[in-house]
Amino acid sequence: MRANDLLQHAPAYQKWIDDLLVKYESSAKRVAAYGFQRLSQFFNPETLEVARCVEVDSVPKIPWQEFGLTVPKGMDIDFEGITFRNTYFLTRKEATQESLHFHEMVHVIQWQMLGNDLFPLVYVLEALKGSYQTNILEVIAREVAAFFVKAEEPFNTEFIIAAWIGHNLPRIFTQFIKGELCDGG
């Protein structure tokens with residue numbers, strides 16, 4: 001798949017997200033409503049203020065085929081959580097897991113830092129290049145969440161994510177420009 005083939009589906013993907021978020025807007029809760037003691041120590045108040053969580057029986061699945069893409073390796077399972085912009089969806093049975101909220105909050109920050117156009121592009125490129133497991137945005141979320149679980153003292157989550165994104169983005173763009181990322185779809 002060429003880059004232009006991938007980019008032509010971006011408007012449809014953005015509309016799909018818009019429609020999804022409108023559909024669940026009345027069900028979205030502020031993260032502070034969960035009363036987690038540690039989350040507020042690891043995120044800036046502004047980040048916690050804008051983030052929203054929606055509890056569902058089954059998290060929404062990206063309709064990859066509608067966007068002309070094959071489902072990336074590892075993305076064909078039922079996830080416990082998924083994030084779109086500042087809103088993340090969690091299964092009701094996992095909604096009490098503070099570490100899962102933390103993981104999805106990492107994605108909220110990634111969306112904020114990369115923006116509504118670049119985040120999905122990087123995510124798809126990484127997923128098509130390898131798999132869900134090797135996707136750098138997922139690797140970052142898993143690693144920082146693992147730090148959170150083990151941390152005895154708070155750390156600046158936003159700073160860590162920015163550093164990791166800054167370290168990896170040049171490589172991703174170089175591979176994209178050379179056409180090395182668009183062969184999986």
# chains A, B, ... in the order shown; residues from 1 in each chain; ligands from 1
>>> residues_around(residues="Ala145 of chain A", least_positions_apart="2", cutoff="10 Å", atoms="only C-alpha atoms", output="short mmCIF file (atom, residue, chain, number, x, y, z; two decimals) with N, CA and C atoms, in the first residue's frame")
data_model
loop_
_atom_site.label_atom_id
_atom_site.label_comp_id
_atom_site.auth_asym_id
_atom_site.auth_seq_id
_atom_site.Cartn_x
_atom_site.Cartn_y
_atom_site.Cartn_z
N GLU A 98 -7.14 0.63 37.87
CA GLU A 98 -6.43 1.91 37.74
C GLU A 98 -5.30 1.82 36.70
N SER A 99 -4.61 0.71 36.63
CA SER A 99 -3.51 0.58 35.67
C SER A 99 -4.02 0.59 34.23
N LEU A 100 -5.20 0.08 33.97
CA LEU A 100 -5.78 0.13 32.63
C LEU A 100 -6.16 1.57 32.27
N HIS A 101 -6.72 2.30 33.23
CA HIS A 101 -7.00 3.73 33.01
C HIS A 101 -5.69 4.45 32.68
N PHE A 102 -4.64 4.12 33.43
CA PHE A 102 -3.35 4.76 33.18
C PHE A 102 -2.88 4.49 31.75
N HIS A 103 -2.95 3.24 31.32
CA HIS A 103 -2.53 2.88 29.95
C HIS A 103 -3.30 3.71 28.92
N GLU A 104 -4.60 3.78 29.08
CA GLU A 104 -5.41 4.54 28.10
C GLU A 104 -5.15 6.04 28.22
N MET A 105 -4.84 6.51 29.41
CA MET A 105 -4.48 7.93 29.58
C MET A 105 -3.18 8.24 28.84
N VAL A 106 -2.27 7.29 28.76
CA VAL A 106 -1.05 7.48 27.97
C VAL A 106 -1.44 7.74 26.52
N VAL A 139 3.79 0.12 22.63
CA VAL A 139 4.98 -0.19 23.44
C VAL A 139 5.18 0.90 24.50
N ILE A 140 5.07 2.15 24.09
CA ILE A 140 5.21 3.26 25.04
C ILE A 140 4.16 3.14 26.13
N ALA A 141 2.91 2.92 25.75
CA ALA A 141 1.83 2.84 26.75
C ALA A 141 2.06 1.68 27.72
N ARG A 142 2.47 0.52 27.21
CA ARG A 142 2.72 -0.62 28.09
C ARG A 142 3.90 -0.36 29.03
N GLU A 143 4.98 0.20 28.48
CA GLU A 143 6.17 0.44 29.30
C GLU A 143 5.92 1.48 30.39
N PHE A 147 5.90 1.11 34.51
CA PHE A 147 6.58 2.02 35.46
C PHE A 147 5.60 2.47 36.53
N PHE A 148 4.39 2.83 36.11
CA PHE A 148 3.35 3.31 37.03
C PHE A 148 3.04 2.26 38.10
N VAL A 149 2.86 1.02 37.67
CA VAL A 149 2.50 -0.05 38.59
C VAL A 149 3.59 -0.24 39.65
N LYS A 150 4.86 -0.10 39.25
CA LYS A 150 5.98 -0.34 40.17
C LYS A 150 6.44 0.91 40.92
N ALA A 151 6.01 2.08 40.48
CA ALA A 151 6.53 3.33 41.02
C ALA A 151 6.16 3.54 42.48
N THR A 157 4.51 11.92 33.78
CA THR A 157 4.12 11.04 32.69
C THR A 157 4.19 11.74 31.34
#
>>> atom_distance(atom1="atom CA of Tyr123 of chain A", atom2="atom CA of Glu55 of chain A")
23.0 Å
>>> atom_distance(atom1="atom CA of Ala32 of chain A", atom2="atom CA of Ile109 of chain A")
16.0 Å
>>> closest_residue(among="A:Val144, A:Ile136, A:Gly130, A:Phe43", to="His167 of chain A", atoms="only C-alpha atoms")
A:Ile136
>>> select_by_dssp(residues="segment 32-172 of chain A", states="helix (DSSP H, G or I)", output="PyMOL selection string")
chain A and resi 32-34+39-42+45-50+64-67+92-94+98-129+136-150+157-172
>>> select_by_dssp(residues="segment 68-166 of chain A", states="strand (DSSP E)", output="PyMOL selection string")
chain A and resi 81-84+87-91
>>> closest_residue(among="A:Pro60, A:Pro45, A:Gly68, A:Gly166", to="Thr87 of chain A", atoms="only C-alpha atoms")
A:Pro60
>>> residues_around(residues="segment 25-27 of chain A", least_positions_apart="4", cutoff="9 Å", atoms="only C-alpha atoms", output="MDAnalysis selection string")
chainID A and resid 20:21 53:55
>>> closest_residue(among="A:Leu125, A:Leu114, A:Val59, A:Ile17", to="Phe79 of chain A", atoms="only C-alpha atoms")
A:Val59
>>> closest_residue(among="A:Val122, A:Ala33, A:Leu169, A:Ala146", to="Ala95 of chain A", atoms="only C-alpha atoms")
A:Ala33
>>> decode(residues="segment 120-139 of chain A", atoms="C-alpha atoms", output="PDB file, in the first residue's frame")
ATOM      1  CA  PRO A 120      -3.858   7.752  13.718  1.00  0.00           C
ATOM      2  CA  LEU A 121      -1.334   7.880  10.879  1.00  0.00           C
ATOM      3  CA  VAL A 122       1.560   6.816  13.111  1.00  0.00           C
ATOM      4  CA  TYR A 123      -0.613   4.180  14.782  1.00  0.00           C
ATOM      5  CA  VAL A 124      -1.701   2.635  11.477  1.00  0.00           C
ATOM      6  CA  LEU A 125       1.771   2.775   9.971  1.00  0.00           C
ATOM      7  CA  GLU A 126       3.241   1.060  13.010  1.00  0.00           C
ATOM      8  CA  ALA A 127       0.463  -1.553  13.105  1.00  0.00           C
ATOM      9  CA  LEU A 128       0.796  -2.365   9.404  1.00  0.00           C
ATOM     10  CA  LYS A 129       4.592  -2.501   9.619  1.00  0.00           C
ATOM     11  CA  GLY A 130       4.590  -5.037  12.419  1.00  0.00           C
ATOM     12  CA  SER A 131       1.731  -5.807  14.738  1.00  0.00           C
ATOM     13  CA  TYR A 132      -0.231  -4.540  17.688  1.00  0.00           C
ATOM     14  CA  GLN A 133       2.510  -5.822  19.992  1.00  0.00           C
ATOM     15  CA  THR A 134       5.330  -3.972  18.187  1.00  0.00           C
ATOM     16  CA  ASN A 135       3.411  -0.732  17.559  1.00  0.00           C
ATOM     17  CA  ILE A 136       5.595   1.955  19.175  1.00  0.00           C
ATOM     18  CA  LEU A 137       2.565   3.811  20.587  1.00  0.00           C
ATOM     19  CA  GLU A 138       1.447   0.617  22.305  1.00  0.00           C
ATOM     20  CA  VAL A 139       4.977  -0.191  23.439  1.00  0.00           C
TER      21      VAL A 139
END
